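K.L.:
Supplied structure: start-v4.pdb, PDB, C-alpha atoms.
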ATOM      1  CA  MET A   1     -61.384 -95.106  24.011
ATOM      2  CA  PRO A   2     -58.596 -97.531  24.895
ATOM      3  CA  THR A   3     -56.563 -96.769  27.974
ATOM      4  CA  ILE A   4     -53.127 -97.980  28.937
ATOM      5  CA  VAL A   5     -52.666 -98.421  32.669
ATOM      6  CA  VAL A   6     -49.145 -98.091  34.069
ATOM      7  CA  ASP A   7     -48.529 -99.152  37.670
ATOM      8  CA  VAL A   8     -45.518 -97.801  39.531
ATOM      9  CA  MET A   9     -44.515 -98.922  43.036
ATOM     10  CA  PRO A  10     -41.714 -97.895  45.383
ATOM     11  CA  LYS A  11     -38.853-100.417  45.193
ATOM     12  CA  SER A  12     -39.384-103.224  47.706
ATOM     13  CA  GLU A  13     -36.050-102.629  49.432
ATOM     14  CA  LEU A  14     -36.990 -99.018  50.220
ATOM     15  CA  LEU A  15     -39.060 -97.811  53.139
ATOM     16  CA  ASP A  16     -42.450 -96.455  52.167
ATOM     17  CA  PRO A  17     -43.334 -93.925  54.895
ATOM     18  CA  GLN A  18     -46.790 -93.206  53.427
ATOM     19  CA  GLY A  19     -47.595 -96.921  53.446
ATOM     20  CA  LYS A  20     -46.245 -97.280  56.984
ATOM     21  CA  ALA A  21     -48.510 -94.408  58.112
ATOM     22  CA  VAL A  22     -51.597 -96.081  56.595
ATOM     23  CA  SER A  23     -50.571 -99.393  58.137
ATOM     24  CA  GLY A  24     -50.332 -97.719  61.551
ATOM     25  CA  ALA A  25     -53.738 -96.059  61.055
ATOM     26  CA  LEU A  26     -55.310 -99.445  60.239
ATOM     27  CA  ALA A  27     -53.831-100.976  63.407
ATOM     28  CA  ARG A  28     -55.247 -98.105  65.489
ATOM     29  CA  LEU A  29     -58.667 -98.640  63.843
ATOM     30  CA  GLY A  30     -58.591-102.292  64.851
ATOM     31  CA  VAL A  31     -58.158-103.686  61.326
ATOM     32  CA  GLU A  32     -55.709-106.550  61.739
ATOM     33  CA  SER A  33     -55.985-108.526  58.493
ATOM     34  CA  PHE A  34     -53.121-106.720  56.774
ATOM     35  CA  SER A  35     -49.497-106.929  57.806
ATOM     36  CA  ALA A  36     -48.153-104.256  55.454
ATOM     37  CA  VAL A  37     -49.317-101.505  53.130
ATOM     38  CA  ARG A  38     -47.327-100.054  50.254
ATOM     39  CA  ILE A  39     -48.520 -97.137  48.180
ATOM     40  CA  GLY A  40     -47.656 -96.538  44.552
ATOM     41  CA  LYS A  41     -49.078 -94.731  41.554
ATOM     42  CA  ARG A  42     -51.498 -95.734  38.853
ATOM     43  CA  PHE A  43     -51.376 -93.823  35.554
ATOM     44  CA  GLU A  44     -54.218 -94.001  33.044
ATOM     45  CA  LEU A  45     -53.043 -92.975  29.574
ATOM     46  CA  THR A  46     -55.894 -92.369  27.139
ATOM     47  CA  VAL A  47     -54.930 -93.470  23.640
ATOM     48  CA  ASP A  48     -56.132 -91.632  20.544
ATOM     49  CA  GLY A  49     -57.100 -94.411  18.146
ATOM     50  CA  GLU A  50     -55.693 -97.938  18.004
ATOM     51  CA  VAL A  51     -53.251 -99.468  20.461
ATOM     52  CA  ASP A  52     -50.486-100.882  18.240
ATOM     53  CA  GLU A  53     -46.856-101.822  18.881
ATOM     54  CA  THR A  54     -45.720 -98.202  18.365
ATOM     55  CA  VAL A  55     -48.104 -96.926  21.031
ATOM     56  CA  LEU A  56     -47.122 -99.731  23.414
ATOM     57  CA  ASP A  57     -43.443 -98.957  22.851
ATOM     58  CA  ALA A  58     -44.126 -95.289  23.577
ATOM     59  CA  ALA A  59     -45.973 -96.300  26.765
ATOM     60  CA  ARG A  60     -43.085 -98.524  27.911
ATOM     61  CA  ARG A  61     -40.592 -95.772  27.180
ATOM     62  CA  ILE A  62     -42.451 -93.024  29.058
ATOM     63  CA  ALA A  63     -43.210 -95.464  31.912
ATOM     64  CA  ASP A  64     -39.451 -95.865  32.422
ATOM     65  CA  GLU A  65     -38.338 -92.331  31.602
ATOM     66  CA  VAL A  66     -41.152 -90.000  32.664
ATOM     67  CA  LEU A  67     -43.699 -91.734  34.880
ATOM     68  CA  SER A  68     -41.272 -93.450  37.225
ATOM     69  CA  ASN A  69     -38.005 -92.596  38.928
ATOM     70  CA  SER A  70     -35.898 -95.712  38.437
ATOM     71  CA  VAL A  71     -33.728 -94.895  41.459
ATOM     72  CA  ILE A  72     -36.613 -95.406  43.888
ATOM     73  CA  GLU A  73     -39.482 -96.923  41.878
ATOM     74  CA  ASP A  74     -40.276 -99.943  39.696
ATOM     75  CA  VAL A  75     -42.781-100.129  36.865
ATOM     76  CA  VAL A  76     -44.790-103.182  37.970
ATOM     77  CA  GLY A  77     -47.355-103.330  35.200
ATOM     78  CA  ILE A  78     -48.371-101.982  31.810
ATOM     79  CA  GLU A  79     -51.715-103.205  30.513
ATOM     80  CA  VAL A  80     -54.279-102.189  27.943
ATOM     81  CA  VAL A  81     -57.847-101.633  29.146
ATOM     82  CA  GLU A  82     -60.694-100.922  26.731
TER      83      GLU A  82
ATOM     84  CA  MET B   1     -47.938-113.998  50.704
ATOM     85  CA  PRO B   2     -51.204-112.940  49.087
ATOM     86  CA  THR B   3     -51.640-109.270  48.340
ATOM     87  CA  ILE B   4     -54.821-107.312  47.779
ATOM     88  CA  VAL B   5     -54.406-104.461  45.306
ATOM     89  CA  VAL B   6     -56.741-101.475  45.673
ATOM     90  CA  ASP B   7     -56.814 -98.910  42.856
ATOM     91  CA  VAL B   8     -58.081 -95.398  43.557
ATOM     92  CA  MET B   9     -58.524 -92.740  40.865
ATOM     93  CA  PRO B  10     -59.672 -89.105  40.970
ATOM     94  CA  LYS B  11     -63.336 -88.857  39.976
ATOM     95  CA  SER B  12     -63.664 -88.427  36.218
ATOM     96  CA  GLU B  13     -65.610 -85.166  36.523
ATOM     97  CA  LEU B  14     -62.782 -83.554  38.489
ATOM     98  CA  LEU B  15     -59.693 -81.922  37.066
ATOM     99  CA  ASP B  16     -56.485 -83.808  37.751
ATOM    100  CA  PRO B  17     -53.740 -81.151  37.764
ATOM    101  CA  GLN B  18     -50.951 -83.727  38.256
ATOM    102  CA  GLY B  19     -52.176 -85.679  35.239
ATOM    103  CA  LYS B  20     -52.496 -82.484  33.211
ATOM    104  CA  ALA B  21     -48.889 -81.606  34.076
ATOM    105  CA  VAL B  22     -47.636 -85.008  32.902
ATOM    106  CA  SER B  23     -49.742 -84.720  29.759
ATOM    107  CA  GLY B  24     -48.157 -81.330  29.013
ATOM    108  CA  ALA B  25     -44.677 -82.741  29.648
ATOM    109  CA  LEU B  26     -45.332 -85.580  27.166
ATOM    110  CA  ALA B  27     -46.468 -83.098  24.514
ATOM    111  CA  ARG B  28     -43.286 -81.056  25.035
ATOM    112  CA  LEU B  29     -41.216 -84.253  24.701
ATOM    113  CA  GLY B  30     -42.870 -84.988  21.367
ATOM    114  CA  VAL B  31     -44.898 -88.006  22.559
ATOM    115  CA  GLU B  32     -48.241 -87.649  20.825
ATOM    116  CA  SER B  33     -49.902 -91.054  21.224
ATOM    117  CA  PHE B  34     -51.783 -90.120  24.395
ATOM    118  CA  SER B  35     -54.568 -87.573  24.611
ATOM    119  CA  ALA B  36     -54.932 -87.537  28.389
ATOM    120  CA  VAL B  37     -53.205 -88.716  31.537
ATOM    121  CA  ARG B  38     -54.855 -89.244  34.911
ATOM    122  CA  ILE B  39     -52.945 -90.194  38.029
ATOM    123  CA  GLY B  40     -54.330 -92.214  40.892
ATOM    124  CA  LYS B  41     -53.047 -94.423  43.669
ATOM    125  CA  ARG B  42     -52.306 -98.106  43.907
ATOM    126  CA  PHE B  43     -52.318 -99.704  47.373
ATOM    127  CA  GLU B  44     -50.776-103.111  47.983
ATOM    128  CA  LEU B  45     -52.146-104.675  51.175
ATOM    129  CA  THR B  46     -50.165-107.716  52.322
ATOM    130  CA  VAL B  47     -52.465-110.300  53.864
ATOM    131  CA  ASP B  48     -51.376-112.469  56.793
ATOM    132  CA  GLY B  49     -52.665-115.936  55.940
ATOM    133  CA  GLU B  50     -55.621-116.794  53.726
ATOM    134  CA  VAL B  51     -57.757-114.368  51.741
ATOM    135  CA  ASP B  52     -61.330-115.223  52.769
ATOM    136  CA  GLU B  53     -64.599-113.275  52.670
ATOM    137  CA  THR B  54     -63.817-111.568  55.993
ATOM    138  CA  VAL B  55     -60.503-110.243  54.688
ATOM    139  CA  LEU B  56     -62.097-109.121  51.411
ATOM    140  CA  ASP B  57     -64.865-107.345  53.333
ATOM    141  CA  ALA B  58     -62.235-105.597  55.450
ATOM    142  CA  ALA B  59     -60.379-104.588  52.282
ATOM    143  CA  ARG B  60     -63.564-103.180  50.699
ATOM    144  CA  ARG B  61     -64.400-101.300  53.873
ATOM    145  CA  ILE B  62     -60.967 -99.678  54.292
ATOM    146  CA  ALA B  63     -60.817 -98.956  50.542
ATOM    147  CA  ASP B  64     -63.957 -96.827  50.951
ATOM    148  CA  GLU B  65     -63.285 -95.381  54.399
ATOM    149  CA  VAL B  66     -59.518 -95.032  54.737
ATOM    150  CA  LEU B  67     -57.713 -95.412  51.417
ATOM    151  CA  SER B  68     -59.948 -93.132  49.356
ATOM    152  CA  ASN B  69     -61.714 -89.832  49.862
ATOM    153  CA  SER B  70     -65.167 -90.425  48.391
ATOM    154  CA  VAL B  71     -65.698 -86.706  47.756
ATOM    155  CA  ILE B  72     -62.954 -86.584  45.135
ATOM    156  CA  GLU B  73     -61.929 -90.207  44.424
ATOM    157  CA  ASP B  74     -63.399 -93.502  43.259
ATOM    158  CA  VAL B  75     -62.218 -96.988  44.166
ATOM    159  CA  VAL B  76     -61.857 -98.475  40.671
ATOM    160  CA  GLY B  77     -60.567-101.925  41.536
ATOM    161  CA  ILE B  78     -59.952-104.409  44.319
ATOM    162  CA  GLU B  79     -58.199-107.612  43.309
ATOM    163  CA  VAL B  80     -56.285-110.427  44.909
ATOM    164  CA  VAL B  81     -52.763-111.100  43.644
ATOM    165  CA  GLU B  82     -50.722-114.070  44.902
TER     166      GLU B  82
END
Could you show the structure in this file as structure tokens?
P.N.:
Amino acid sequence: MPTIVVDVMPKSELLDPQGKAVSGALARLGVESFSAVRIGKRFELTVDGEVDETVLDAARRIADEVLSNSVIEDVVGIEVVE
Amino acid sequence: MPTIVVDVMPKSELLDPQGKAVSGALARLGVESFSAVRIGKRFELTVDGEVDETVLDAARRIADEVLSNSVIEDVVGIEVVE
């Protein structure tokens, strides 16, 4: 069944304390390849039937209105996966 | 700066109460295009310098050992984004 993946990340100008904590843990573990970590959400929406413009519009709408909080988060991607 | 994106999802055989809650909210809002919602995490790792095999190996290792809990989650994707 087709799936629509919606990616939501904290806005870049905001601190991401969860990401900072992981970044600190990596430094303590001796992993030094990464200078920053940010943590967002990945939603997998299972679609009943075909993915047409109506379904994509619904996905875009709920991505903005339900799945993300536009005050602190950005929708960074909406893509269809089979 | 290059970024490595790591996607982590709850294992498919496990219930995802957060996803179920969103799914119920969509039904109450009258959105009927989606039969299921699952919610996972998206990590953006900023890489200092080049992405070579060593960095990718480090990313794979921390994806399995730090960023995900293999008892309840699967790493579903690791990709390099410029």
K.L.:
Range 16-60 of chain A near range 66-71 of chain B within 9 Å: what's each residue's closest atom pair and its distance in Å to one decimal, counting only C-alpha atoms, ordered by chain then ascending residue number, as CSV?
P.N.:
residue,atom,partner,partner_atom,distance
A:Val22,CA,B:Leu67,CA,8.0
A:Ala25,CA,B:Val66,CA,8.6
A:Leu26,CA,B:Val66,CA,8.2
K.L.:
On this file, the ChimeraX specification (/A :<9) & /B gives some set of residues; write that set as an MDAnalysis selection string.
P.N.:
chainID B and resid 3 7:9 19 22:23 25:26 31:49 54:55 58:59 62 66:67
K.L.:
What does the file look like for those residues with C-alpha atoms, as a short mmCIF file (atom, residue, chain, number, x, y, z; two decimals), keeping the file's coordinate frame?
P.N.:
data_model
loop_
_atom_site.label_atom_id
_atom_site.label_comp_id
_atom_site.auth_asym_id
_atom_site.auth_seq_id
_atom_site.Cartn_x
_atom_site.Cartn_y
_atom_site.Cartn_z
CA THR B 3 -51.64 -109.27 48.34
CA ASP B 7 -56.81 -98.91 42.86
CA VAL B 8 -58.08 -95.40 43.56
CA MET B 9 -58.52 -92.74 40.86
CA GLY B 19 -52.18 -85.68 35.24
CA VAL B 22 -47.64 -85.01 32.90
CA SER B 23 -49.74 -84.72 29.76
CA ALA B 25 -44.68 -82.74 29.65
CA LEU B 26 -45.33 -85.58 27.17
CA VAL B 31 -44.90 -88.01 22.56
CA GLU B 32 -48.24 -87.65 20.82
CA SER B 33 -49.90 -91.05 21.22
CA PHE B 34 -51.78 -90.12 24.40
CA SER B 35 -54.57 -87.57 24.61
CA ALA B 36 -54.93 -87.54 28.39
CA VAL B 37 -53.20 -88.72 31.54
CA ARG B 38 -54.86 -89.24 34.91
CA ILE B 39 -52.94 -90.19 38.03
CA GLY B 40 -54.33 -92.21 40.89
CA LYS B 41 -53.05 -94.42 43.67
CA ARG B 42 -52.31 -98.11 43.91
CA PHE B 43 -52.32 -99.70 47.37
CA GLU B 44 -50.78 -103.11 47.98
CA LEU B 45 -52.15 -104.68 51.18
CA THR B 46 -50.16 -107.72 52.32
CA VAL B 47 -52.46 -110.30 53.86
CA ASP B 48 -51.38 -112.47 56.79
CA GLY B 49 -52.66 -115.94 55.94
CA THR B 54 -63.82 -111.57 55.99
CA VAL B 55 -60.50 -110.24 54.69
CA ALA B 58 -62.24 -105.60 55.45
CA ALA B 59 -60.38 -104.59 52.28
CA ILE B 62 -60.97 -99.68 54.29
CA VAL B 66 -59.52 -95.03 54.74
CA LEU B 67 -57.71 -95.41 51.42
#
K.L.:
Grab the CA of Ile72 in chain A to CA of Leu14 in chain A distance for me, in Å with one decimal place.
P.N.:
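About the pair CA of Ile72 in chain A and CA of Leu14 in chain A: they are 7.3 Å apart.
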K.L.:
Given identical sequences, can you show me chain B least-squares superposed on chain A via all its Cα atoms in order, as a compact mmCIF listing (two decimals) with C-alpha atoms, in the frame of the given file?
P.N.:
# COMPACT_ATOMS: atom_id res chain seq x y z
CA MET B 1 -61.36 -95.09 24.01
CA PRO B 2 -58.59 -97.53 24.90
CA THR B 3 -56.56 -96.76 27.99
CA ILE B 4 -53.12 -97.99 28.94
CA VAL B 5 -52.67 -98.43 32.68
CA VAL B 6 -49.14 -98.09 34.07
CA ASP B 7 -48.53 -99.16 37.67
CA VAL B 8 -45.51 -97.80 39.54
CA MET B 9 -44.51 -98.93 43.04
CA PRO B 10 -41.69 -97.90 45.39
CA LYS B 11 -38.84 -100.42 45.19
CA SER B 12 -39.37 -103.22 47.70
CA GLU B 13 -36.03 -102.61 49.43
CA LEU B 14 -36.99 -99.02 50.22
CA LEU B 15 -39.06 -97.82 53.13
CA ASP B 16 -42.46 -96.46 52.17
CA PRO B 17 -43.34 -93.93 54.89
CA GLN B 18 -46.80 -93.22 53.42
CA GLY B 19 -47.61 -96.93 53.45
CA LYS B 20 -46.26 -97.27 56.98
CA ALA B 21 -48.52 -94.41 58.09
CA VAL B 22 -51.60 -96.08 56.59
CA SER B 23 -50.58 -99.39 58.13
CA GLY B 24 -50.34 -97.72 61.55
CA ALA B 25 -53.73 -96.06 61.05
CA LEU B 26 -55.32 -99.45 60.25
CA ALA B 27 -53.84 -100.97 63.40
CA ARG B 28 -55.25 -98.10 65.48
CA LEU B 29 -58.67 -98.63 63.84
CA GLY B 30 -58.59 -102.29 64.86
CA VAL B 31 -58.15 -103.70 61.33
CA GLU B 32 -55.71 -106.56 61.74
CA SER B 33 -55.98 -108.54 58.50
CA PHE B 34 -53.12 -106.73 56.78
CA SER B 35 -49.48 -106.92 57.81
CA ALA B 36 -48.15 -104.26 55.45
CA VAL B 37 -49.32 -101.51 53.13
CA ARG B 38 -47.33 -100.05 50.25
CA ILE B 39 -48.53 -97.13 48.17
CA GLY B 40 -47.66 -96.54 44.55
CA LYS B 41 -49.09 -94.74 41.56
CA ARG B 42 -51.51 -95.73 38.86
CA PHE B 43 -51.39 -93.81 35.56
CA GLU B 44 -54.22 -94.00 33.05
CA LEU B 45 -53.04 -92.96 29.58
CA THR B 46 -55.90 -92.37 27.14
CA VAL B 47 -54.93 -93.48 23.65
CA ASP B 48 -56.14 -91.64 20.55
CA GLY B 49 -57.08 -94.40 18.12
CA GLU B 50 -55.71 -97.93 18.02
CA VAL B 51 -53.26 -99.48 20.46
CA ASP B 52 -50.50 -100.90 18.24
CA GLU B 53 -46.86 -101.82 18.87
CA THR B 54 -45.73 -98.21 18.36
CA VAL B 55 -48.12 -96.94 21.03
CA LEU B 56 -47.12 -99.74 23.42
CA ASP B 57 -43.44 -98.96 22.85
CA ALA B 58 -44.12 -95.30 23.59
CA ALA B 59 -45.98 -96.30 26.76
CA ARG B 60 -43.08 -98.52 27.91
CA ARG B 61 -40.59 -95.78 27.18
CA ILE B 62 -42.45 -93.03 29.07
CA ALA B 63 -43.21 -95.46 31.91
CA ASP B 64 -39.45 -95.86 32.42
CA GLU B 65 -38.33 -92.32 31.60
CA VAL B 66 -41.14 -90.00 32.67
CA LEU B 67 -43.70 -91.73 34.88
CA SER B 68 -41.27 -93.45 37.23
CA ASN B 69 -38.00 -92.59 38.92
CA SER B 70 -35.88 -95.70 38.44
CA VAL B 71 -33.72 -94.88 41.47
CA ILE B 72 -36.60 -95.40 43.88
CA GLU B 73 -39.48 -96.93 41.87
CA ASP B 74 -40.28 -99.94 39.71
CA VAL B 75 -42.78 -100.13 36.87
CA VAL B 76 -44.78 -103.19 37.96
CA GLY B 77 -47.36 -103.33 35.20
CA ILE B 78 -48.38 -101.98 31.82
CA GLU B 79 -51.72 -103.19 30.50
CA VAL B 80 -54.29 -102.20 27.94
CA VAL B 81 -57.85 -101.63 29.15
CA GLU B 82 -60.69 -100.89 26.71
K.L.:
With distances taken over all atoms listed in the file, which of B:Ala63, B:Met1, B:Ala21, B:Leu15 is nearest to Ile78 in chain B?
P.N.:
B:Ala63
K.L.:
Mind giving me the straight-line distance from CA of Glu13 in chain A to CA of Arg61 in chain A in Å, one decimal?
P.N.:
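Between CA of Glu13 in chain A and CA of Arg61 in chain A the gap is 23.7 Å.
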K.L.:
Kindly give the distance, in Å, that separates CA of Pro2 in chain B and CA of Glu82 in chain A, rounded to a single decimal.
P.N.:
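Interatomic distance, CA of Pro2 in chain B to CA of Glu82 in chain A: 27.1 Å.
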